[in-house]
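Below is coords.csv, which holds CSV, C-alpha atoms and all ligand atoms.
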chain,number,residue,atom,x,y,z
A,841,MET,CA,117.7,97.1,132.1
A,842,ASN,CA,116.6,98.0,128.6
A,843,THR,CA,113.0,98.1,127.4
A,844,ILE,CA,111.3,96.3,124.5
A,845,ALA,CA,111.1,99.6,122.6
A,846,HIS,CA,114.8,100.4,123.1
A,847,THR,CA,115.8,96.9,122.0
A,848,ALA,CA,113.6,97.0,119.0
A,849,SER,CA,115.0,100.4,117.8
A,850,TYR,CA,118.5,99.2,118.5
A,851,LEU,CA,118.0,96.2,116.3
A,852,ALA,CA,116.3,98.3,113.6
A,853,ASN,CA,119.3,100.6,113.5
A,854,HIS,CA,121.8,97.9,112.8
A,855,ASP,CA,122.3,95.5,109.8
A,856,ASN,CA,124.5,92.5,110.5
A,857,PHE,CA,123.5,90.1,113.2
A,858,ILE,CA,124.8,86.9,114.7
A,859,ILE,CA,122.2,85.3,117.0
A,860,ILE,CA,123.5,82.8,119.7
A,861,PRO,CA,121.1,80.5,121.6
A,862,HIS,CA,122.3,78.5,124.7
A,863,ARG,CA,124.1,75.1,124.5
A,864,SER,CA,121.8,72.0,124.1
A,865,PRO,CA,119.3,74.3,122.4
A,866,ASP,CA,115.7,73.8,123.5
A,867,GLY,CA,112.5,75.0,121.8
A,868,ASP,CA,112.6,78.4,123.5
A,869,CYS,CA,116.0,79.4,122.4
A,870,LEU,CA,115.8,77.8,119.0
A,871,GLY,CA,112.3,79.1,118.2
A,872,SER,CA,113.1,82.6,119.5
A,873,SER,CA,116.4,82.8,117.6
A,874,SER,CA,115.0,81.5,114.3
A,875,ALA,CA,111.9,83.8,114.6
A,876,LEU,CA,114.2,86.8,115.3
A,877,LEU,CA,116.4,85.8,112.3
A,878,LEU,CA,113.4,85.7,110.0
A,879,ALA,CA,112.1,89.0,111.4
A,880,LEU,CA,115.4,90.8,110.8
A,881,ARG,CA,115.8,89.3,107.3
A,882,SER,CA,112.3,90.6,106.5
A,883,LEU,CA,113.6,94.1,107.2
A,884,GLY,CA,116.4,93.5,104.7
A,885,LYS,CA,119.2,92.7,107.3
A,886,ASN,CA,121.8,90.0,107.4
A,887,ALA,CA,121.2,87.5,110.2
A,888,ARG,CA,122.7,84.1,111.0
A,889,ILE,CA,122.5,81.8,114.0
A,890,ALA,CA,125.6,80.2,115.6
A,891,LEU,CA,124.8,77.1,117.7
A,892,PRO,CA,127.0,76.2,120.6
A,893,THR,CA,125.9,72.5,120.2
A,894,PRO,CA,123.8,71.1,117.4
A,895,ALA,CA,120.0,71.1,117.5
A,896,THR,CA,118.2,67.8,118.1
A,897,GLN,CA,116.0,66.0,115.6
A,898,ARG,CA,113.0,67.0,117.8
A,899,LEU,CA,113.4,70.6,116.7
A,900,SER,CA,114.5,70.1,113.1
A,901,PHE,CA,111.2,71.3,111.8
A,902,ILE,CA,112.0,74.9,112.8
A,903,TRP,CA,115.6,74.8,111.6
A,904,ASP,CA,117.0,75.5,108.1
A,905,GLU,CA,120.5,75.3,106.8
A,906,SER,CA,120.3,78.9,105.6
A,907,TYR,CA,120.3,80.0,109.2
A,908,GLU,CA,123.7,78.6,109.9
A,909,TRP,CA,126.6,80.9,110.6
A,910,GLY,CA,128.9,81.0,107.7
A,911,ASP,CA,131.4,83.4,106.3
A,912,PHE,CA,130.1,86.7,107.5
A,913,GLU,CA,131.3,89.5,109.7
A,914,PRO,CA,128.7,90.2,112.4
A,915,GLU,CA,128.3,93.7,113.8
A,916,VAL,CA,125.9,92.9,116.6
A,917,ALA,CA,125.8,89.6,118.5
A,918,VAL,CA,122.5,88.8,120.1
A,919,ALA,CA,122.3,86.1,122.9
A,920,VAL,CA,118.8,84.7,123.2
A,921,ASP,CA,117.6,82.7,126.2
A,922,VAL,CA,121.2,82.6,127.5
A,923,ALA,CA,121.3,82.7,131.3
A,924,ASP,CA,125.0,83.5,131.5
A,925,THR,CA,128.0,83.8,129.1
A,926,TYR,CA,129.2,80.2,129.8
A,927,MET,CA,126.0,78.9,128.3
A,928,MET,CA,127.4,79.9,124.9
A,929,LEU,CA,130.4,77.7,125.5
A,930,GLY,CA,133.3,78.6,123.1
A,931,LEU,CA,131.1,80.9,121.0
A,932,TYR,CA,131.4,83.5,123.8
A,933,ASP,CA,135.1,84.0,123.1
A,934,GLU,CA,134.9,83.2,119.4
A,935,ILE,CA,132.0,85.6,118.5
A,936,PHE,CA,130.2,87.3,121.4
A,937,ALA,CA,133.2,88.9,123.0
A,938,LYS,CA,134.5,90.1,119.6
A,939,ALA,CA,131.3,91.7,118.3
A,940,LYS,CA,131.2,95.5,117.9
A,941,SER,CA,128.1,95.5,120.2
A,942,THR,CA,126.0,92.9,122.0
A,943,VAL,CA,122.4,92.4,122.9
A,944,CYS,CA,120.9,89.9,125.4
A,945,ILE,CA,117.2,88.9,125.3
A,946,ASP,CA,116.4,86.6,128.2
A,947,HIS,CA,114.0,85.7,130.9
A,948,HIS,CA,116.3,84.1,133.6
A,949,ALA,CA,116.2,85.9,136.9
A,950,THR,CA,119.8,84.8,137.5
A,951,ASN,CA,121.0,86.6,134.3
A,952,PRO,CA,123.9,89.0,135.3
A,953,ALA,CA,123.0,91.4,132.3
A,954,PHE,CA,126.3,90.6,130.4
A,955,ALA,CA,125.5,92.6,127.1
A,956,ASP,CA,125.5,96.2,126.1
A,957,VAL,CA,121.8,96.1,125.6
A,958,ASN,CA,120.0,93.9,128.1
A,959,CYS,CA,116.4,93.1,127.5
A,960,ILE,CA,115.8,90.8,130.4
A,961,ASP,CA,112.4,90.1,131.9
A,962,ALA,CA,112.1,87.3,134.5
A,963,THR,CA,108.3,87.6,134.4
A,964,ALA,CA,108.2,86.3,130.8
A,965,ALA,CA,107.5,82.6,130.6
A,966,ALA,CA,109.8,82.3,127.6
A,967,ALA,CA,112.4,84.3,125.8
A,968,GLY,CA,109.9,83.8,123.0
A,969,GLU,CA,107.4,86.2,124.7
A,970,ILE,CA,110.0,89.0,124.8
A,971,VAL,CA,111.1,88.3,121.2
A,972,SER,CA,107.4,88.4,120.1
A,973,GLU,CA,107.1,91.9,121.6
A,974,VAL,CA,110.4,93.1,120.1
A,975,ILE,CA,109.4,91.8,116.7
A,976,GLU,CA,106.0,93.6,117.0
A,977,ALA,CA,107.7,96.8,118.1
A,978,MET,CA,109.9,96.6,115.0
A,979,GLY,CA,106.8,96.6,112.9
A,980,VAL,CA,107.5,93.2,111.3
A,981,THR,CA,104.6,91.4,109.7
A,982,LEU,CA,103.9,88.2,111.6
A,983,THR,CA,104.3,85.5,108.9
A,984,ARG,CA,103.2,81.9,109.6
A,985,ASP,CA,106.9,80.9,109.7
A,986,ILE,CA,107.8,83.5,112.3
A,987,ALA,CA,104.6,82.8,114.3
A,988,GLU,CA,105.2,79.0,114.4
A,989,ARG,CA,108.7,79.5,115.7
A,990,LEU,CA,107.5,81.9,118.5
A,991,TYR,CA,104.8,79.4,119.3
A,992,VAL,CA,107.4,76.6,119.6
A,993,ALA,CA,109.4,78.8,121.9
A,994,ILE,CA,106.5,79.6,124.2
A,995,ALA,CA,104.9,76.2,124.2
A,996,ASP,CA,108.2,74.5,125.0
A,997,ASP,CA,109.0,76.6,128.0
A,998,THR,CA,105.5,76.5,129.4
A,999,GLY,CA,105.2,72.7,128.9
A,1000,GLY,CA,102.3,73.4,126.5
A,1001,PHE,CA,100.8,76.2,128.7
A,1002,GLN,CA,100.8,73.9,131.8
A,1003,TYR,CA,103.5,75.3,134.0
A,1004,SER,CA,103.0,78.1,136.6
A,1005,ASN,CA,105.0,80.5,134.5
A,1006,THR,CA,102.1,80.7,132.1
A,1007,THR,CA,100.2,84.1,132.3
A,1008,ASP,CA,97.6,86.1,130.6
A,1009,ARG,CA,100.5,87.7,128.6
A,1010,THR,CA,101.5,84.2,127.4
A,1011,HIS,CA,97.9,83.6,126.2
A,1012,ARG,CA,97.6,87.1,124.6
A,1013,ILE,CA,100.8,86.5,122.6
A,1014,ALA,CA,99.7,83.0,121.7
A,1015,SER,CA,96.4,84.3,120.5
A,1016,LYS,CA,98.2,86.7,118.1
A,1017,LEU,CA,100.3,83.8,116.8
A,1018,PHE,CA,97.2,81.8,116.2
A,1019,LYS,CA,95.9,84.5,113.9
A,1020,SER,CA,98.9,83.9,111.6
A,1021,GLY,CA,97.5,80.4,110.8
A,1022,ILE,CA,99.9,78.3,112.8
A,1023,ASP,CA,99.3,74.5,113.2
A,1024,SER,CA,99.0,74.5,117.0
A,1025,ALA,CA,98.0,70.8,117.3
A,1026,GLY,CA,100.8,69.7,115.0
A,1027,ILE,CA,103.3,71.7,117.0
A,1028,MET,CA,102.0,70.3,120.3
A,1029,LYS,CA,102.1,66.7,119.0
A,1030,ALA,CA,105.7,67.2,117.7
A,1031,LEU,CA,106.9,68.8,121.0
A,1032,PHE,CA,105.1,66.7,123.6
A,1033,ALA,CA,103.6,63.6,122.2
A,1034,THR,CA,106.1,62.2,119.8
A,1035,HIS,CA,109.0,60.1,121.0
A,1036,THR,CA,111.5,57.9,119.3
A,1037,LYS,CA,111.5,54.2,120.3
A,1038,ALA,CA,114.9,54.8,121.9
A,1039,GLU,CA,113.6,57.6,124.0
A,1040,LEU,CA,110.7,55.4,125.1
A,1041,GLU,CA,113.2,52.6,125.9
A,1042,LEU,CA,115.2,55.1,128.0
A,1043,LEU,CA,112.0,55.9,130.0
A,1044,LYS,CA,112.2,52.3,131.4
A,1045,PHE,CA,115.6,53.2,133.0
A,1046,VAL,CA,114.4,56.6,134.2
A,1047,THR,CA,111.4,55.1,136.1
A,1048,ALA,CA,113.3,52.0,137.3
A,1049,ARG,CA,116.0,54.2,138.8
A,1050,MET,CA,113.7,56.7,140.6
A,1051,GLU,CA,114.7,57.3,144.2
A,1052,TYR,CA,112.6,59.1,146.8
A,1053,HIS,CA,114.2,61.2,149.6
A,1054,PHE,CA,112.9,63.2,152.6
A,1055,GLY,CA,109.6,61.4,153.0
A,1056,GLY,CA,108.9,61.5,149.3
A,1057,LYS,CA,109.3,65.2,148.8
A,1058,VAL,CA,112.3,64.8,146.5
A,1059,CYS,CA,112.5,62.4,143.7
A,1060,LEU,CA,115.6,61.8,141.6
A,1061,SER,CA,116.6,59.7,138.6
A,1062,TRP,CA,119.7,59.4,136.5
A,1063,VAL,CA,120.8,58.6,133.0
A,1064,ASP,CA,124.3,57.2,132.3
A,1065,SER,CA,126.1,55.7,129.3
A,1066,GLU,CA,124.8,52.3,130.2
A,1067,ALA,CA,121.1,53.4,130.0
A,1068,LEU,CA,121.9,55.2,126.7
A,1069,SER,CA,123.6,52.3,125.0
A,1070,ALA,CA,121.0,49.8,126.2
A,1071,SER,CA,118.1,52.0,124.9
A,1072,GLY,CA,119.9,53.4,121.9
A,1073,ALA,CA,119.1,56.9,123.1
A,1074,GLU,CA,121.3,60.0,123.4
A,1075,MET,CA,121.7,62.3,126.4
A,1076,PRO,CA,119.4,65.0,125.1
A,1077,ASN,CA,116.6,62.4,125.0
A,1078,ALA,CA,116.8,62.4,128.8
A,1079,ASP,CA,115.3,65.9,128.7
A,1080,ALA,CA,111.9,64.4,127.6
A,1081,TRP,CA,111.6,62.7,131.0
A,1082,ILE,CA,112.9,65.4,133.4
A,1083,GLY,CA,109.3,66.5,134.2
A,1084,LEU,CA,108.5,63.0,135.4
A,1085,THR,CA,110.8,63.4,138.4
A,1086,ARG,CA,108.4,66.0,139.8
A,1087,SER,CA,105.2,64.3,138.8
A,1088,GLY,CA,104.9,61.9,141.6
A,1089,GLU,CA,102.1,62.6,144.1
A,1090,GLY,CA,103.5,64.6,147.1
A,1091,VAL,CA,106.8,65.3,145.3
A,1092,GLU,CA,108.0,68.9,145.5
A,1093,VAL,CA,111.4,68.7,143.9
A,1094,GLY,CA,112.5,66.5,140.9
A,1095,LEU,CA,116.1,66.0,140.1
A,1096,MET,CA,117.4,64.4,136.9
A,1097,PHE,CA,121.2,63.6,136.9
A,1098,LYS,CA,122.8,63.4,133.5
A,1099,LEU,CA,126.1,61.6,133.8
A,1100,ILE,CA,128.0,63.1,130.8
A,1101,SER,CA,131.3,61.6,132.0
A,1102,ASP,CA,132.9,60.3,135.2
A,1103,GLU,CA,133.5,63.9,136.2
A,1104,GLU,CA,130.8,65.9,134.5
A,1105,ILE,CA,127.3,65.6,135.9
A,1106,ARG,CA,124.6,67.9,134.6
A,1107,VAL,CA,121.6,68.2,136.9
A,1108,SER,CA,118.1,69.5,135.9
A,1109,LEU,CA,116.1,70.7,138.9
A,1110,ARG,CA,112.3,71.1,138.9
A,1111,SER,CA,109.9,72.1,141.6
A,1112,ASN,CA,106.1,72.2,141.9
A,1113,ASN,CA,105.0,74.8,144.4
A,1114,TYR,CA,107.4,76.4,146.8
A,1115,VAL,CA,111.0,75.5,146.5
A,1116,ASP,CA,113.2,78.0,144.6
A,1117,VAL,CA,115.4,75.6,142.6
A,1118,SER,CA,117.3,78.5,140.9
A,1119,ALA,CA,118.6,79.4,144.3
A,1120,VAL,CA,119.7,75.8,144.9
A,1121,ALA,CA,121.4,75.7,141.5
A,1122,LYS,CA,123.0,79.1,142.0
A,1123,LYS,CA,124.7,77.9,145.2
A,1124,PHE,CA,126.6,75.3,143.1
A,1125,GLY,CA,127.4,77.7,140.2
A,1126,GLY,CA,124.3,77.1,138.1
A,1127,GLY,CA,121.1,79.0,137.6
A,1128,GLY,CA,117.8,79.2,135.9
A,1129,HIS,CA,114.2,79.8,137.0
A,1130,VAL,CA,112.3,79.4,140.3
A,1131,ARG,CA,110.6,76.2,139.1
A,1132,ALA,CA,113.3,75.0,136.5
A,1133,ALA,CA,117.0,75.3,136.9
A,1134,GLY,CA,120.3,73.6,136.0
A,1135,VAL,CA,123.8,73.1,137.3
A,1136,THR,CA,126.9,71.2,136.2
A,1137,PHE,CA,129.2,69.5,138.7
A,1138,SER,CA,132.8,68.5,137.9
A,1139,GLU,CA,132.8,65.5,140.1
A,1140,SER,CA,131.3,62.0,140.5
A,1141,PHE,CA,127.6,61.3,140.5
A,1142,GLU,CA,127.8,60.2,144.2
A,1143,SER,CA,129.5,63.3,145.3
A,1144,ALA,CA,127.1,65.6,143.3
A,1145,LYS,CA,124.1,63.8,144.6
A,1146,ALA,CA,125.5,64.0,148.2
A,1147,LYS,CA,126.0,67.8,147.8
A,1148,LEU,CA,122.5,68.4,146.5
A,1149,LEU,CA,120.9,66.2,149.2
A,1150,ALA,CA,123.0,67.6,152.0
A,1151,GLU,CA,120.7,70.5,152.8
A,1152,PRO,CA,117.2,69.2,153.0
A,1153,GLU,CA,115.9,72.5,154.4
A,1154,LYS,CA,116.6,74.1,151.0
A,1155,LEU,CA,114.9,71.3,149.0
A,1156,VAL,CA,111.8,70.4,151.0
B,1,LIG,P1,117.5,72.4,132.0
B,1,LIG,O1,117.3,71.6,133.2
B,1,LIG,O2,118.9,72.2,131.4
B,1,LIG,O3,116.4,72.2,131.1
B,1,LIG,O4,117.5,73.9,132.5
B,1,LIG,C1,116.4,74.5,133.2
B,1,LIG,C2,116.6,76.0,133.1
B,1,LIG,O5,117.7,76.4,133.8
B,1,LIG,C3,116.7,76.5,131.6
B,1,LIG,O6,116.0,77.7,131.5
B,1,LIG,C4,118.2,76.7,131.5
B,1,LIG,O7,118.5,77.7,130.5
B,1,LIG,C5,118.7,77.1,132.9
B,1,LIG,N1,120.0,76.5,133.2
B,1,LIG,C6,120.4,75.3,133.0
B,1,LIG,N2,121.7,75.1,133.4
B,1,LIG,C7,122.1,76.3,133.8
B,1,LIG,C8,123.3,76.9,134.3
B,1,LIG,N3,124.4,76.1,134.5
B,1,LIG,N4,123.4,78.2,134.6
B,1,LIG,C9,122.3,79.0,134.4
B,1,LIG,N5,121.1,78.5,134.0
B,1,LIG,C10,121.0,77.3,133.6
B,2,MN,MN,116.1,77.5,127.2
B,3,MN,MN,113.7,79.9,128.1

Step by step, read the file and then write its structure as structure tokens.
Ligand code: AMP
Ligand code: MN
Ligand code: MN
Amino acid sequence: MNTIAHTASYLANHDNFIIIPHRSPDGDCLGSSSALLLALRSLGKNARIALPTPATQRLSFIWDESYEWGDFEPEVAVAVDVADTYMMLGLYDEIFAKAKSTVCIDHHATNPAFADVNCIDATAAAAGEIVSEVIEAMGVTLTRDIAERLYVAIADDTGGFQYSNTTDRTHRIASKLFKSGIDSAGIMKALFATHTKAELELLKFVTARMEYHFGGKVCLSWVDSEALSASGAEMPNADAWIGLTRSGEGVEVGLMFKLISDEEIRVSLRSNNYVDVSAVAKKFGGGGHVRAAGVTFSESFESAKAKLLAEPEKLV
């Protein structure tokens, strides 16, 4: 595994970068990627971001057209917050595998260290913490634009500093970001307390469909095309309500099933205190963190659900 210092000097010694976040980009990968892009550009380098799938409206305030990958030959490809190569979808073959050299900056314990330079730290609450330290080690001035993006990254993956991944390091970094004049309250409101009407309509389906298993220790819900068309929401809106599946009193594990198609079911797993959901996800080919993980099944909802509920000893 490579250190922050090594990664910083590696980046400082190259000039043309393509940065790749994971599919369905969240605040951590988009905030970290855009902060890294601005930091590299401030050092006079070329940097672009290639998105495996488009960013949602929720995060448009940290995105700019000028970041988009265009006509430009990258030298170094940098994967950010990408737990495994398949999380880059087709961009893995199209860009990452073809780059002269590769870097991975990540915080998923299940990451197999797939790059030439691997800066992976599973104790970091967000990739944004690692990117903050890499940027600092490169001697980049923390502008408000960079700081706000790093703050989005860290706030998103810690649920606004609520989750158990939040540490003194998280707060130390956040404190430095504050000193760059960020609008913390505005960012928190945008990330956690602003919903489209369609997203709120979708919430009715999410709560109405909640099922409890194993004496109330596991709670699941599901979003399908019917819920989406009735509410006017899109599948990424379901992410706003994943946390609710583990919020019931006495619930240890929350599962949100996203029915992408008849044979593609994406499941988000969350736990509160003791279940390692990354181990559960890994068993079915997915991965993630101890308290937040994901897995995709190529089968029906009923069959994916039966598989996940088949081994209660792993879930409760
Ligand atoms: P999600 O439920 O999609 O928000 O994902 C929770 C966490 O698990 C995030 O850190 C994801 O990057 C990670 N994750 C989701 N799906 C997978 C997967 N198939 N393989 C590895 N990590 C994943
Ligand atoms: Mn992420
Ligand atoms: Mn992350």

Enumerate residues in contact with ligand MN 3 (chain B): an atom-to-atom distance of at most 7 Å, counting only C-alpha atoms and all ligand atoms. Format the result as a PDB file with C-alpha atoms, in the coordinates of the input.
ATOM      1  CA  ASP A 868     112.600  78.400 123.500  1.00  0.00           C
ATOM      2  CA  CYS A 869     116.000  79.400 122.400  1.00  0.00           C
ATOM      3  CA  ASP A 921     117.600  82.700 126.200  1.00  0.00           C
ATOM      4  CA  HIS A 947     114.000  85.700 130.900  1.00  0.00           C
ATOM      5  CA  ALA A 966     109.800  82.300 127.600  1.00  0.00           C
ATOM      6  CA  ALA A 967     112.400  84.300 125.800  1.00  0.00           C
ATOM      7  CA  ASP A 997     109.000  76.600 128.000  1.00  0.00           C
TER       8      ASP A 997
END

message = Show me, as a ChimeraX atom specification, the residues that have an atom within 10 Å of Gly1088 of chain A when counting all atoms listed in the file, minus same-chain residues fewer than 2 positions from it.
response = /A:1052,1056-1059,1083-1086,1090-1094

key: Selection: 6 Å around Leu990 of chain A, all atoms listed in the file, excl. self and same-chain fewer than 6 positions, as a list in words   =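 The residues satisfying every condition are Gly871, Ser872 and Gly968 of chain A.
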
remark   = The residue from A:Val1130, A:Ala1146, A:Ile1027, A:Leu883 with the smallest atom-to-atom distance to Asn853 of chain A, counting only C-alpha atoms, is A:Leu883

task = Grab the atom CA of Thr942 of chain A to atom CA of Ala987 of chain A distance for me, in Å with one decimal place.
result =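 Computed distance, atom CA of Thr942 of chain A to atom CA of Ala987 of chain A, equals 24.9 Å.
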
inquiry  = List the spatial neighbours of Pro952 of chain A as JSON, numbers by chain - criterion: any atom at most 10 Å away, only C-alpha atoms, same-chain residues fewer than 5 positions off excluded.
reply    = {"A": [923, 924, 925, 958, 960]}

Generate a file of the selected residues that holds C-alpha atoms, formatted as an mmCIF file, in the frame of the given file.
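Final output, saved to result30.cif:
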data_model
loop_
_atom_site.group_PDB
_atom_site.id
_atom_site.type_symbol
_atom_site.label_atom_id
_atom_site.label_comp_id
_atom_site.auth_asym_id
_atom_site.auth_seq_id
_atom_site.Cartn_x
_atom_site.Cartn_y
_atom_site.Cartn_z
ATOM 1 C CA ALA A 923 121.300 82.700 131.300
ATOM 2 C CA ASP A 924 125.000 83.500 131.500
ATOM 3 C CA THR A 925 128.000 83.800 129.100
ATOM 4 C CA ASN A 958 120.000 93.900 128.100
ATOM 5 C CA ILE A 960 115.800 90.800 130.400
#

inquiry  = ligand LIG 1 (chain B): which residues are within 7 Å, counting only C-alpha atoms and all ligand atoms? Reply as a list in words.
reply    =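 Answer in the requested format: His862, Asp921, Val922, Ala923, Asp924, Met927, His948, Asp1079, Val1107, Ser1108, Leu1109, Gly1125, Gly1126, Gly1127, Gly1128, His1129, Ala1132, Ala1133, Gly1134, Val1135 and Thr1136 of chain A.
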
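Distances to ligand MN 2 (chain B) were evaluated for A:Met928, A:Thr983, A:Asn856, A:Arg881 using all atoms listed in the file, and the minimum falls at A:Met928.
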
request  = Quick one: pull the distance between atom CA of Ala895 of chain A and atom CA of Val971 of chain A, Å, one decimal.
outcome  = 19.7 Å

task = Provide the atom CA of Ala993 of chain A to atom CA of Phe1124 of chain A distance in Å, to one decimal place.
result = 27.5 Å

key: Nearby residues, (121.6, 57.1, 135.2) file frame, 8 Å, all atoms listed in the file, as a list in words   =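 Residues lying no farther than 8 Å from the given point: Phe1045, Val1046, Arg1049, Ser1061, Trp1062, Val1063, Asp1064, Ser1065, Glu1066, Ala1067, Phe1097, Lys1098 and Leu1099 of chain A.
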
query = Between A:Ala1030, A:Ile986, A:Ala845, A:Ala937, which one has atoms that come closest to Ser873 of chain A, using all atoms listed in the file?
reply = A:Ile986

query = Out of A:Ala1121, A:Val992, A:Ile1105, A:Val1156, which residue has the shortest atom-to-atom distance to Ser1143 of chain A when counting all atoms listed in the file?
reply =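 Using all atoms listed in the file, Ser1143 of chain A sits closest to A:Ile1105.
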
request  = Please provide the set of residues having any atom within 8 Å of segment 1034-1044 of chain A, restricted to all atoms listed in the file, with same-chain residues fewer than 3 positions apart removed, written as a list in words.
outcome  =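 That gives Lys1029, Ala1030, Leu1031, Thr1047, Ala1048, Ala1067, Leu1068, Ser1071, Gly1072, Ala1073, Asn1077, Ala1078, Ala1080 and Trp1081 of chain A.
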